[in-house]
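Structure data follow from coords.txt (compact mmCIF, C-alpha atoms and all ligand atoms):
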# COMPACT_ATOMS: atom_id res chain seq x y z
CA MET A 18 97.26 124.28 91.98
CA GLY A 19 98.90 125.49 95.18
CA LYS A 20 102.26 125.72 93.43
CA MET A 21 100.96 128.79 91.62
CA THR A 22 100.92 130.75 94.88
CA GLU A 23 103.21 128.88 97.31
CA GLY A 24 105.33 131.43 99.18
CA TYR A 25 103.20 134.37 98.00
CA TRP A 26 101.67 137.01 100.25
CA PRO A 27 97.92 137.19 99.51
CA TYR A 28 98.23 140.68 97.98
CA GLU A 29 100.85 139.43 95.50
CA ILE A 30 98.45 136.89 93.97
CA PRO A 31 96.10 139.17 91.98
CA ALA A 32 99.14 141.17 90.88
CA ALA A 33 100.79 138.04 89.42
CA TYR A 34 97.73 136.32 87.96
CA GLY A 35 95.48 139.27 87.11
CA GLY A 36 92.88 138.40 89.78
CA PRO A 37 92.11 135.59 92.20
CA VAL A 38 93.15 132.11 91.11
CA THR A 39 90.10 130.10 90.02
CA GLY A 40 91.74 127.21 88.15
CA PHE A 41 95.02 125.83 86.86
CA ARG A 42 97.48 128.20 85.19
CA GLU A 43 101.19 127.89 84.48
CA PRO A 44 102.84 128.63 87.89
CA ILE A 45 104.82 131.87 88.14
CA GLN A 46 107.51 130.91 90.61
CA PRO A 47 110.63 133.03 90.12
CA ARG A 48 111.88 132.15 93.63
CA SER A 49 111.77 128.37 93.10
CA ARG A 50 114.88 126.40 92.11
CA HIS A 51 112.70 124.36 89.75
CA LYS A 52 110.50 125.03 86.77
CA TRP A 53 106.88 123.99 87.40
CA GLY A 54 104.43 122.99 84.69
CA TYR A 55 100.68 123.45 84.26
CA ALA A 56 98.84 121.21 86.80
CA GLU A 57 102.10 119.57 87.85
CA VAL A 58 101.85 118.12 91.36
CA THR A 59 104.29 119.22 94.06
CA ASP A 60 106.18 117.41 96.82
CA ASP A 61 102.92 116.91 98.77
CA THR A 62 101.44 114.54 96.23
CA ARG A 63 104.79 112.93 95.38
CA PHE A 64 105.44 112.21 99.05
CA THR A 65 101.86 111.01 99.63
CA LEU A 66 102.17 108.59 96.72
CA LEU A 67 105.50 107.32 98.05
CA VAL A 68 103.91 106.54 101.45
CA ALA A 69 100.89 104.99 99.71
CA ALA A 70 103.06 102.74 97.51
CA SER A 71 104.97 101.52 100.56
CA ILE A 72 101.79 100.75 102.53
CA ILE A 73 100.25 98.94 99.57
CA GLU A 74 103.35 96.79 99.04
CA LYS A 75 103.93 96.00 102.72
CA GLY A 76 100.29 95.88 103.82
CA ARG A 77 101.21 98.11 106.78
CA VAL A 78 103.28 101.17 107.67
CA ASP A 79 106.93 100.11 107.51
CA ARG A 80 109.23 102.96 108.50
CA ARG A 81 112.37 101.42 106.98
CA ASP A 82 110.65 100.81 103.65
CA ILE A 83 109.41 104.42 103.59
CA ALA A 84 112.96 105.63 104.38
CA ARG A 85 114.33 103.42 101.58
CA ARG A 86 111.89 104.91 99.08
CA ILE A 87 112.73 108.48 100.13
CA LEU A 88 116.42 107.72 99.53
CA GLU A 89 115.77 106.35 96.03
CA ARG A 90 115.49 109.69 94.24
CA PRO A 91 115.02 113.38 95.07
CA ILE A 92 111.45 114.45 95.74
CA LYS A 93 111.11 117.53 93.57
CA GLY A 94 110.48 120.61 95.69
CA TRP A 95 110.89 118.88 99.10
CA PRO A 96 113.47 120.92 101.02
CA GLY A 97 114.51 118.04 103.32
CA TRP A 98 115.76 115.58 100.73
CA GLU A 99 119.43 116.54 100.63
CA GLU A 100 119.75 116.40 104.40
CA PHE A 101 118.03 113.01 104.40
CA LYS A 102 120.26 111.69 101.63
CA ALA A 103 123.36 112.85 103.51
CA ALA A 104 122.31 110.82 106.58
CA ASN A 105 121.78 107.79 104.27
CA ASN A 106 120.35 105.60 107.04
CA LEU A 107 117.10 103.59 107.01
CA ASP A 108 116.78 104.08 110.78
CA HIS A 109 117.40 107.82 110.58
CA ILE A 110 115.39 110.04 112.92
CA GLY A 111 114.80 113.58 111.66
CA TYR A 112 113.57 116.63 113.55
CA ARG A 113 111.93 118.84 110.94
CA THR A 114 108.93 120.84 112.12
CA GLY A 115 107.23 121.73 108.83
CA ASN A 116 104.17 120.61 106.88
CA GLY A 117 106.11 117.67 105.41
CA ALA A 118 104.53 115.43 108.07
CA PRO A 119 100.80 116.27 107.76
CA MET A 120 100.96 116.85 103.97
CA ARG A 121 101.86 113.19 103.23
CA ILE A 122 99.75 111.42 105.82
CA ALA A 123 96.43 110.83 104.03
CA PRO A 124 97.31 107.18 103.15
CA VAL A 125 97.69 106.42 106.89
CA GLY A 126 94.21 107.91 107.46
CA ILE A 127 92.80 105.79 104.63
CA LEU A 128 94.47 102.64 106.01
CA ASN A 129 93.14 103.07 109.55
CA PRO A 130 89.45 103.12 110.45
CA PRO A 131 88.78 105.74 113.13
CA TYR A 132 87.79 103.27 115.86
CA ASP A 133 91.36 102.47 116.89
CA LEU A 134 93.03 105.81 117.44
CA ARG A 135 96.05 104.27 119.17
CA ARG A 136 96.92 102.26 116.08
CA LEU A 137 96.45 105.27 113.82
CA VAL A 138 98.80 107.34 116.00
CA ASP A 139 101.40 104.52 116.01
CA ASP A 140 101.23 104.41 112.21
CA VAL A 141 101.55 108.19 111.88
CA GLU A 142 104.65 108.07 114.07
CA ALA A 143 106.15 105.28 111.95
CA ALA A 144 105.45 107.22 108.73
CA CYS A 145 107.01 110.45 110.04
CA ILE A 146 109.82 109.47 112.44
CA MET A 147 112.52 109.52 109.74
CA THR A 148 111.98 113.20 109.01
CA HIS A 149 109.61 114.85 111.56
CA TYR A 150 110.04 113.28 115.02
CA VAL A 151 108.96 116.46 116.79
CA SER A 152 105.80 116.56 118.90
CA SER A 153 104.12 119.44 117.03
CA ALA A 154 104.68 117.79 113.63
CA ILE A 155 103.49 114.34 114.80
CA SER A 156 100.49 116.01 116.48
CA ALA A 157 99.58 117.85 113.25
CA ALA A 158 99.97 114.68 111.16
CA CYS A 159 97.79 112.71 113.61
CA ALA A 160 95.06 115.36 113.36
CA ILE A 161 95.04 115.24 109.55
CA ALA A 162 95.18 111.42 109.38
CA ALA A 163 92.29 111.14 111.87
CA ALA A 164 90.24 113.70 109.92
CA VAL A 165 90.78 111.75 106.66
CA SER A 166 89.81 108.52 108.42
CA ALA A 167 86.61 110.00 109.89
CA ALA A 168 85.74 111.68 106.59
CA ILE A 169 85.79 108.34 104.78
CA GLU A 170 83.22 107.06 107.30
CA GLY A 171 81.02 110.07 106.51
CA TRP A 172 81.14 111.44 110.05
CA SER A 173 79.76 114.90 110.65
CA LYS A 174 82.28 117.76 110.55
CA LYS A 175 81.85 118.22 114.29
CA GLU A 176 82.65 114.54 115.02
CA LEU A 177 85.50 114.64 112.52
CA LEU A 178 87.09 117.67 114.18
CA GLU A 179 86.62 116.19 117.65
CA LEU A 180 88.50 113.05 116.56
CA ALA A 181 91.20 115.17 114.90
CA MET A 182 91.69 117.12 118.14
CA GLU A 183 91.86 113.91 120.20
CA ALA A 184 94.44 112.54 117.75
CA ALA A 185 96.39 115.82 117.97
CA ARG A 186 96.55 115.48 121.77
CA GLU A 187 97.73 111.86 121.51
CA GLY A 188 100.25 112.71 118.82
CA ARG A 189 101.79 115.45 120.92
CA LYS A 190 102.91 112.79 123.43
CA ARG A 191 105.22 111.41 120.72
CA GLY A 192 108.44 112.87 119.38
CA ARG A 193 110.76 115.51 120.78
CA PRO A 194 108.83 118.26 122.62
CA ASP A 195 109.24 121.59 120.84
CA GLY A 196 106.88 123.96 122.61
CA ALA A 197 104.86 124.90 119.52
CA PRO A 198 101.25 126.02 120.15
CA PRO A 199 98.84 123.06 120.53
CA ILE A 200 96.87 122.82 117.32
CA GLU A 201 93.59 122.23 119.19
CA GLU A 202 93.96 125.73 120.61
CA VAL A 203 94.84 127.26 117.24
CA VAL A 204 91.86 125.54 115.62
CA ARG A 205 89.57 126.70 118.46
CA VAL A 206 90.64 130.30 117.84
CA GLY A 207 90.21 129.83 114.08
CA LEU A 208 86.70 128.41 114.40
CA HIS A 209 85.76 131.26 116.69
CA LYS A 210 86.86 133.73 114.01
CA LEU A 211 84.84 131.88 111.39
CA GLU A 212 81.62 132.17 113.37
CA GLY A 213 79.34 134.40 111.36
CA ALA A 214 82.22 135.42 109.06
CA GLU A 215 81.67 135.94 105.36
CA THR A 216 83.30 133.05 103.56
CA GLY A 217 84.46 133.06 99.98
CA ILE A 218 87.81 133.67 98.35
CA GLY A 219 90.06 135.76 100.55
CA TRP A 220 88.48 135.24 103.97
CA ASP A 221 89.80 137.38 106.68
CA LEU A 222 91.47 134.84 108.93
CA ARG A 223 93.80 137.24 110.72
CA GLY A 224 95.54 135.46 113.55
CA LEU A 225 95.69 132.22 111.59
CA ASN A 226 98.68 131.88 109.36
CA PRO A 227 98.82 129.61 106.30
CA GLY A 228 102.41 128.94 107.27
CA PHE A 229 105.03 126.31 106.58
CA GLU A 230 105.20 124.97 110.17
CA ALA A 231 103.10 121.83 110.70
CA TRP A 232 101.06 123.35 113.54
CA GLU A 233 100.19 126.32 111.29
CA GLY A 234 99.43 124.40 108.11
CA ALA A 235 97.35 121.64 109.70
CA SER A 236 95.28 124.01 111.83
CA PHE A 237 94.65 126.30 108.84
CA ALA A 238 93.57 123.27 106.79
CA LEU A 239 91.18 122.07 109.52
CA CYS A 240 89.57 125.51 109.73
CA LEU A 241 89.03 125.38 105.96
CA VAL A 242 87.42 121.95 106.36
CA TRP A 243 85.03 123.44 108.88
CA GLY A 244 84.22 126.57 106.89
CA CYS A 245 84.10 125.33 103.28
CA ASP A 246 81.33 123.40 101.59
CA GLY A 247 83.60 121.10 99.66
CA ALA A 248 87.04 120.33 98.23
CA GLU A 249 86.84 122.84 95.36
CA GLU A 250 86.06 125.75 97.65
CA ALA A 251 88.72 124.77 100.22
CA ILE A 252 91.43 124.32 97.57
CA LEU A 253 90.69 127.71 95.97
CA GLU A 254 90.62 129.32 99.39
CA ALA A 255 94.00 127.83 100.35
CA VAL A 256 95.49 128.77 96.97
CA ASN A 257 94.37 132.38 97.31
CA GLN A 258 95.81 132.71 100.82
CA GLY A 259 99.37 132.00 99.62
CA GLY A 260 101.90 130.81 102.22
CA ASP A 261 102.23 127.03 102.11
CA ALA A 262 99.35 126.98 99.67
CA ASP A 263 100.04 123.61 98.02
CA SER A 264 100.40 121.74 101.31
CA ILE A 265 97.33 123.32 102.93
CA ALA A 266 95.23 122.81 99.79
CA SER A 267 96.23 119.15 99.69
CA MET A 268 95.33 118.59 103.37
CA ALA A 269 91.98 120.42 103.34
CA GLY A 270 91.09 119.23 99.83
CA GLY A 271 91.94 115.63 100.73
CA ILE A 272 89.69 115.63 103.79
CA LEU A 273 86.74 117.31 102.06
CA ALA A 274 87.08 115.11 98.96
CA ALA A 275 86.99 112.05 101.25
CA LEU A 276 83.86 113.44 102.90
CA ASN A 277 82.21 114.38 99.60
CA PRO A 278 84.02 112.99 96.53
CA GLY A 279 81.75 114.92 94.15
CA SER A 280 83.07 118.22 95.54
CA LEU A 281 86.41 117.76 93.73
CA PRO A 282 85.91 118.92 90.12
CA ALA A 283 86.26 116.08 87.59
CA LYS A 284 87.97 118.58 85.27
CA TRP A 285 90.78 119.12 87.81
CA ILE A 286 91.23 115.37 88.31
CA ALA A 287 91.55 114.91 84.54
CA GLU A 288 94.01 117.80 84.21
CA VAL A 289 96.25 116.46 87.02
CA LYS A 290 96.11 112.98 85.49
CA ARG A 291 97.07 114.33 82.05
CA ALA A 292 99.86 116.59 83.31
CA ASN A 293 101.53 114.02 85.58
CA GLY A 294 100.79 110.75 83.83
CA PHE A 295 99.47 108.90 86.84
CA ASP A 296 96.13 107.50 87.88
CA LEU A 297 95.29 107.84 91.55
CA ALA A 298 92.18 105.63 91.44
CA PRO A 299 93.99 102.24 91.71
CA VAL A 300 96.09 103.61 94.60
CA ALA A 301 92.96 104.69 96.48
CA LYS A 302 91.31 101.35 95.75
CA ALA A 303 94.26 99.34 97.09
CA LEU A 304 94.40 101.43 100.27
CA ALA A 305 90.64 101.10 100.75
CA GLY A 306 91.03 97.32 100.45
CA LEU A 307 93.61 97.32 103.26
CA ARG A 308 91.30 99.51 105.33
CA SER A 309 88.38 97.11 105.05
CA LYS A 310 90.64 94.27 106.19
CA ARG A 311 91.51 96.29 109.30
CA ALA A 312 87.87 97.25 109.78
CA MET A 313 86.96 93.56 110.01
CA HIS A 314 88.96 93.39 113.22
CA ARG A 315 87.54 96.59 114.53
CA VAL A 316 86.77 97.18 118.18
CA VAL A 317 83.02 97.29 118.73
CA PRO A 318 82.04 100.27 120.87
CA ILE A 319 79.95 98.91 123.72
CA PRO A 320 76.95 100.92 124.93
CA ALA A 321 76.62 101.85 128.57
CA ASP A 322 74.05 99.07 129.11
CA PRO A 323 74.71 96.21 126.66
CA ILE A 324 72.26 93.88 128.38
CA ARG A 325 69.42 96.32 127.79
CA ALA A 326 70.53 96.79 124.18
CA LEU A 327 70.35 93.06 123.48
CA ARG A 328 67.23 92.27 125.50
CA GLY A 329 64.74 90.30 123.47
CA CYS A 330 67.28 89.37 120.73
CA ALA A 331 67.67 85.79 119.66
CA ARG A 332 70.91 84.36 118.27
CA GLY A 333 71.82 85.74 114.88
CA GLU A 334 69.38 88.63 115.13
CA LYS A 335 71.79 91.40 114.11
CA LEU A 336 73.34 91.63 117.57
CA LEU A 337 76.23 93.78 116.37
CA GLU A 338 73.89 96.29 114.76
CA ARG A 339 71.86 96.46 117.98
CA LEU A 340 75.00 97.19 120.03
CA LEU A 341 76.12 99.89 117.62
CA LYS A 342 72.69 101.46 117.53
CA ALA A 343 72.51 101.56 121.33
CA ARG A 344 76.01 103.10 121.44
CA GLN A 345 74.95 105.76 118.93
CA GLU A 346 71.91 106.56 121.06
CA ASP A 347 74.19 106.89 124.11
CA ARG A 348 76.46 109.25 122.20
CA LYS A 349 73.56 111.38 121.10
CA HIS A 350 72.32 111.49 124.66
CA GLU A 351 75.82 112.46 125.93
CA GLN A 352 76.01 115.13 123.23
CA ASP A 353 72.58 116.57 124.12
CA GLU A 354 73.60 116.67 127.76
CA LYS A 355 76.86 118.40 126.92
CA GLU A 356 75.07 121.02 124.83
CA HIS A 357 72.50 121.47 127.56
CA LEU A 358 75.27 122.02 130.15
CA GLY A 359 77.35 124.18 127.82
MG MG A 401 104.31 123.32 100.24
Output the file's structure as structure tokens, nothing else.
Amino acid sequence: MGKMTEGYWPYEIPAAYGGPVTGFREPIQPRSRHKWGYAEVTDDTRFTLLVAASIIEKGRVDRRDIARRILERPIKGWPGWEEFKAANNLDHIGYRTGNGAPMRIAPVGILNPPYDLRRLVDDVEAACIMTHYVSSAISAACAIAAAVSAAIEGWSKKELLELAMEAAREGRKRGRPDGAPPIEEVVRVGLHKLEGAETGIGWDLRGLNPGFEAWEGASFALCLVWGCDGAEEAILEAVNQGGDADSIASMAGGILAALNPGSLPAKWIAEVKRANGFDLAPVAKALAGLRSKRAMHRVVPIPADPIRALRGCARGEKLLERLLKARQEDRKHEQDEKEHLG
């Protein structure tokens, strides 16, 4: 749906479509080199599916296999393909700074449970190094992957954003430094603006730009995740803000749909399926299968006092559950203390 308004200024949208966008229409894109059809997906979804197919076939993130798949055929609408093709090298390292990194990273977030952030960040780097080995782009992609991962677990939005910010900080240590604003700071400013603001189509988010740079797009998407009730609202909001509408809608919509699958209208899913001839359900299922394999080897968070947590337990008496419960209580206690101090 974002293709309808990608590259638009917000004021151009009602002029082109006769009012705010509330559903699929044939995209009016006179500035695009391509013709776009009703409900046709853009490079975000094409790239995401490419990464997903590679992970499903290899059972892990394999940077050379992803590079090989990118070289196979042009990704319609992705501006980096020709440059990538010219390099023609499976070990190529690219230095793009745009939303191409965070927009395709959801499969890495589905693959990795949120308990092992280091592994998630390693996988994000491997999935992006061939095109976006720049610290701001890796940081943005880490934030989005972590948010998807936490959303699947049903974490609260606060916990989800905290993990995304931690991942953003870790991700910034990778890739070539580029001096872009840290996305944690941009998100902090965005959330501050949202406090008490009227939400609904056309929010006033002055100071936050729905831009094409990864630090802009990912932080805008995370603010939408915080402020919107579900995927439908976030997608319509992103679409009506213009800019890199398709990429931001796919990031925010992906996270909120993972958190609450019912918030993505079934009608839209059916329309996308019909227009593009693919079924995303088996892809999601295969990725979820790989995730549960990883989750079986997950690191168990140990509470501050494990002996106390297990006191009185006999062998086989749900020891793992006891440890997790005690850890959750610790976290709640830490949180209460933090709020009390703050
Ligand atoms: Mg885009």
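Counting all atoms listed in the file, the residue from A:Ser280, A:Asn116, A:Ser309, A:Ser49 that sits nearest to Ala262 of chain A is A:Asn116.
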* To do: Using all atoms listed in the file, find the one residue out of A:Ile127, A:Val78, A:Leu307, A:Ile200 that sits nearest to Cys145 of chain A.
  => A:Val78
* Neighbour list for segment 53-68 of chain A as a PyMOL selection string, cut-off 8 Å, all atoms listed in the file, skip fewer than 3 positions in-chain -> chain A and resi 18+20+41-44+46+71-72+83+86-87+92-95+117+120-124+144+263-264+267+288-289+292-293
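Candidate residues A:Ala275, A:Ala231, A:Leu241, A:Ala157 were compared for distance to Gly171 of chain A, and the nearest is A:Ala275, using all atoms listed in the file.
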* Could you pull the residues within 9 Å of Glu212 of chain A, counting all atoms listed in the file, minus those fewer than 4 positions along the same chain, as a VMD selection string? -> chain A and resid 207 to 208 244
* To do: Mind checking which residues fall within 9 Å of segment 177-183 of chain A, counting all atoms listed in the file, ignoring those fewer than 2 positions away in the same chain, and posting them as a ChimeraX atom specification?
  => /A:131,134,157,159-168,171-175,185-188,200-201,204,239,242-243
* Structure fact -> Counting all atoms listed in the file, the residue among A:Ala84, A:Glu29, A:Thr22, A:His350 that lies closest to Ile45 of chain A is A:Thr22
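Residue nearest Val138 of chain A within the list A:Gly270, A:Gly196, A:Gly40, A:Gly126: A:Gly126 [criterion: smallest interatomic distance, all atoms listed in the file].
Proximity to Ala118 of chain A was assessed for A:Lys284, A:Lys52, A:Phe229, A:Glu202 counting all atoms listed in the file; the smallest distance is recorded for A:Phe229.
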* Between atom CA of Ser152 of chain A and atom CA of Leu88 of chain A, what is the distance, to one decimal in Å? -> 23.8 Å
Start from the incomplete input, build N, CA and C atoms for segment 52-69 of chain A, and deliver everything as a PDB file, keeping the file's coordinate frame.
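For reference, selection_14.pdb as written:
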ATOM      1  N   LYS A  52     111.532 124.516  87.681  1.00  0.00           N
ATOM      2  CA  LYS A  52     110.500 125.030  86.770  1.00  0.00           C
ATOM      3  C   LYS A  52     109.274 124.134  86.991  1.00  0.00           C
ATOM      4  N   TRP A  53     108.106 124.757  87.128  1.00  0.00           N
ATOM      5  CA  TRP A  53     106.880 123.990  87.400  1.00  0.00           C
ATOM      6  C   TRP A  53     105.908 124.124  86.237  1.00  0.00           C
ATOM      7  N   GLY A  54     105.339 122.976  85.836  1.00  0.00           N
ATOM      8  CA  GLY A  54     104.430 122.990  84.690  1.00  0.00           C
ATOM      9  C   GLY A  54     102.972 123.130  85.098  1.00  0.00           C
ATOM     10  N   TYR A  55     102.136 123.330  84.087  1.00  0.00           N
ATOM     11  CA  TYR A  55     100.680 123.450  84.260  1.00  0.00           C
ATOM     12  C   TYR A  55     100.143 122.177  84.932  1.00  0.00           C
ATOM     13  N   ALA A  56      99.477 122.331  86.064  1.00  0.00           N
ATOM     14  CA  ALA A  56      98.840 121.210  86.800  1.00  0.00           C
ATOM     15  C   ALA A  56      99.840 120.160  87.286  1.00  0.00           C
ATOM     16  N   GLU A  57     101.108 120.525  87.326  1.00  0.00           N
ATOM     17  CA  GLU A  57     102.100 119.570  87.850  1.00  0.00           C
ATOM     18  C   GLU A  57     101.956 119.478  89.372  1.00  0.00           C
ATOM     19  N   VAL A  58     101.976 118.263  89.907  1.00  0.00           N
ATOM     20  CA  VAL A  58     101.850 118.120  91.360  1.00  0.00           C
ATOM     21  C   VAL A  58     103.166 118.510  92.033  1.00  0.00           C
ATOM     22  N   THR A  59     103.084 118.822  93.329  1.00  0.00           N
ATOM     23  CA  THR A  59     104.290 119.220  94.060  1.00  0.00           C
ATOM     24  C   THR A  59     104.724 118.096  95.008  1.00  0.00           C
ATOM     25  N   ASP A  60     105.639 118.436  95.918  1.00  0.00           N
ATOM     26  CA  ASP A  60     106.180 117.410  96.820  1.00  0.00           C
ATOM     27  C   ASP A  60     105.096 116.768  97.691  1.00  0.00           C
ATOM     28  N   ASP A  61     103.986 117.483  97.942  1.00  0.00           N
ATOM     29  CA  ASP A  61     102.920 116.910  98.770  1.00  0.00           C
ATOM     30  C   ASP A  61     102.406 115.619  98.164  1.00  0.00           C
ATOM     31  N   THR A  62     102.008 115.716  96.895  1.00  0.00           N
ATOM     32  CA  THR A  62     101.440 114.540  96.230  1.00  0.00           C
ATOM     33  C   THR A  62     102.507 113.482  95.989  1.00  0.00           C
ATOM     34  N   ARG A  63     103.713 113.915  95.615  1.00  0.00           N
ATOM     35  CA  ARG A  63     104.790 112.930  95.380  1.00  0.00           C
ATOM     36  C   ARG A  63     105.067 112.141  96.661  1.00  0.00           C
ATOM     37  N   PHE A  64     105.144 112.852  97.775  1.00  0.00           N
ATOM     38  CA  PHE A  64     105.440 112.210  99.050  1.00  0.00           C
ATOM     39  C   PHE A  64     104.271 111.299  99.483  1.00  0.00           C
ATOM     40  N   THR A  65     103.056 111.800  99.273  1.00  0.00           N
ATOM     41  CA  THR A  65     101.860 111.010  99.630  1.00  0.00           C
ATOM     42  C   THR A  65     101.846 109.702  98.841  1.00  0.00           C
ATOM     43  N   LEU A  66     102.177 109.790  97.552  1.00  0.00           N
ATOM     44  CA  LEU A  66     102.170 108.590  96.720  1.00  0.00           C
ATOM     45  C   LEU A  66     103.275 107.617  97.130  1.00  0.00           C
ATOM     46  N   LEU A  67     104.398 108.163  97.572  1.00  0.00           N
ATOM     47  CA  LEU A  67     105.500 107.320  98.050  1.00  0.00           C
ATOM     48  C   LEU A  67     105.047 106.523  99.285  1.00  0.00           C
ATOM     49  N   VAL A  68     104.402 107.214 100.233  1.00  0.00           N
ATOM     50  CA  VAL A  68     103.910 106.540 101.450  1.00  0.00           C
ATOM     51  C   VAL A  68     102.841 105.515 101.069  1.00  0.00           C
ATOM     52  N   ALA A  69     101.960 105.906 100.143  1.00  0.00           N
ATOM     53  CA  ALA A  69     100.890 104.990  99.710  1.00  0.00           C
ATOM     54  C   ALA A  69     101.478 103.728  99.078  1.00  0.00           C
TER      55      ALA A  69
END
